[in-house]
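Down below is the structure, laid out as structure tokens.
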Amino acid sequence: MSKSRAEAAAGAPGILLRYLQEQNRPYSAQDVFGNLQREHGLGKAAVVKALEQLAQQGKIKEKMYGKQKIYFADQDQFALSDADLQGLDAKIVALTAKVQSLQQSCRHMEAELKELTSALTTPEMQKEIQELKKECAAYRERLKNIKAASNHVTPEEKEQVYRERQKYCKEWRKRKRMATELSDAILEGYPKSKKQFFEEVGIETDEDYNVKLPDP
């Protein structure tokens, strides 16, 4: 017998005992040999000898099954006291609560992700802001001209203009709020300041041009 084979045989009882305890199911000597031979280099004779030795020492159990013996771990070692069971119950309760908390966090993050993905992207937001500014500028100019030529405007036309003014101011407020909410959401994970973010992506605000929303 080579030195490595002899060393493997000497260590066979410990290897087999650990294996049977970890698997906690019955095996024949042939099963154990087939499962461990490649990993540990154990010969079949060494496996049979080690199993019989462990059974004689009372470390494992053996039982005749048909024409062959089967070996399995002593089940008494797996018995738990009431204190052990109570401890496991407490761990189960704690882990269940942790799982529920993580599930709730996942649902919250999924809702946030859904909200962010349905919102405008930064380029879309920039485009909307620019278009809105152009529309507002055009309507301010039109309103200015209408006010200057009030003698030539009928009351109905004047009322229509003011209704349009209210409509676009309302839309202005709505879109400004959307843009603010989106930028705030982005800035939560942005490492720089709000001013730096606006400069990098090219966002211009009403405040940059001293523009204020008209009173309702």
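Labels for the structure tokens follow display order: chains A, B, ..., residues from 1 in each chain, ligands from 1.
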**OP:** Just list the residues in chain A DSSP gives helix (DSSP H, G or I) on the backbone, as a PyMOL selection string.
**Re:** chain A and resi 3-10+12-23+29-40+44-56+75-78+82-118+122-148+150-152+155-187+194-201+207-209
Write out as CSV a residue-level contact list of range 69-134 of chain A versus range 182-199 of chain A with cut-off 9 Å: for each qualifying residue the closest pair of atoms and the distance in Å to one decimal, counting only C-alpha atoms, rows sorted by chain and residue number upward.
```
residue,atom,partner,partner_atom,distance
A:Leu116,CA,A:Leu182,CA,7.7
A:Ala119,CA,A:Leu182,CA,7.2
A:Leu120,CA,A:Leu182,CA,7.5
A:Thr121,CA,A:Leu182,CA,8.4
A:Thr122,CA,A:Ser183,CA,8.2
A:Met125,CA,A:Leu182,CA,8.7
```
**OP:** Quick one: everything within 12 Å of Asp31 in chain A, counting only C-alpha atoms, minus sequence neighbours fewer than 4 positions away in the same chain. Send it as an MDAnalysis selection string.
**Re:** chainID A and resid 16 19:20 25:27 35:37 44 47:48 51 68:72
Original post:
What separation in Å, quoted to one decimal, exists between CA of Leu95 in chain A and CA of Glu22 in chain A?
Top reply: 23.6 Å
Write out as a Markdown table a residue-level contact list of range 82-136 of chain A versus range 163-172 of chain A with cut-off 9 Å: for each qualifying residue the closest pair of atoms and the distance in Å to one decimal, counting only C-alpha atoms, rows sorted by chain and residue number upward.
```
| residue | atom | partner | partner_atom | distance |
| --- | --- | --- | --- | --- |
| A:Leu132 | CA | A:Trp172 | CA | 7.1 |
| A:Lys133 | CA | A:Trp172 | CA | 8.7 |
| A:Glu135 | CA | A:Tyr168 | CA | 8.6 |
| A:Cys136 | CA | A:Tyr168 | CA | 7.5 |
```
Can you write out the residues you just picked, keeping N, CA and C atoms, as a PDB file, in the first residue's frame?
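Output below, filename selection31.pdb:
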```
ATOM      1  N   LEU A 132     -41.660  74.977 -23.214  1.00  0.00           N
ATOM      2  CA  LEU A 132     -42.577  75.712 -22.354  1.00  0.00           C
ATOM      3  C   LEU A 132     -42.152  77.173 -22.228  1.00  0.00           C
ATOM      4  N   LYS A 133     -40.854  77.393 -22.137  1.00  0.00           N
ATOM      5  CA  LYS A 133     -40.360  78.768 -22.060  1.00  0.00           C
ATOM      6  C   LYS A 133     -40.695  79.541 -23.340  1.00  0.00           C
ATOM      7  N   GLU A 135     -43.175  78.919 -25.414  1.00  0.00           N
ATOM      8  CA  GLU A 135     -44.616  79.164 -25.428  1.00  0.00           C
ATOM      9  C   GLU A 135     -44.989  80.315 -24.493  1.00  0.00           C
ATOM     10  N   CYS A 136     -44.405  80.287 -23.309  1.00  0.00           N
ATOM     11  CA  CYS A 136     -44.710  81.340 -22.336  1.00  0.00           C
ATOM     12  C   CYS A 136     -44.259  82.706 -22.849  1.00  0.00           C
TER      13      CYS A 136
END
```
**OP:** Measuring atom to atom with only C-alpha atoms, identify which of A:Thr180, A:Asn210, A:Gln30, A:Gln160 is nearest to Leu42 in chain A.
**Re:**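 Ranked by minimum distance to Leu42 in chain A, first place goes to A:Gln30.
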Subject >> CA of Gly66 in chain A to CA of Ala29 in chain A, distance in Å rounded to a single decimal >> reply: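 Interatomic distance here is 13.8 Å.
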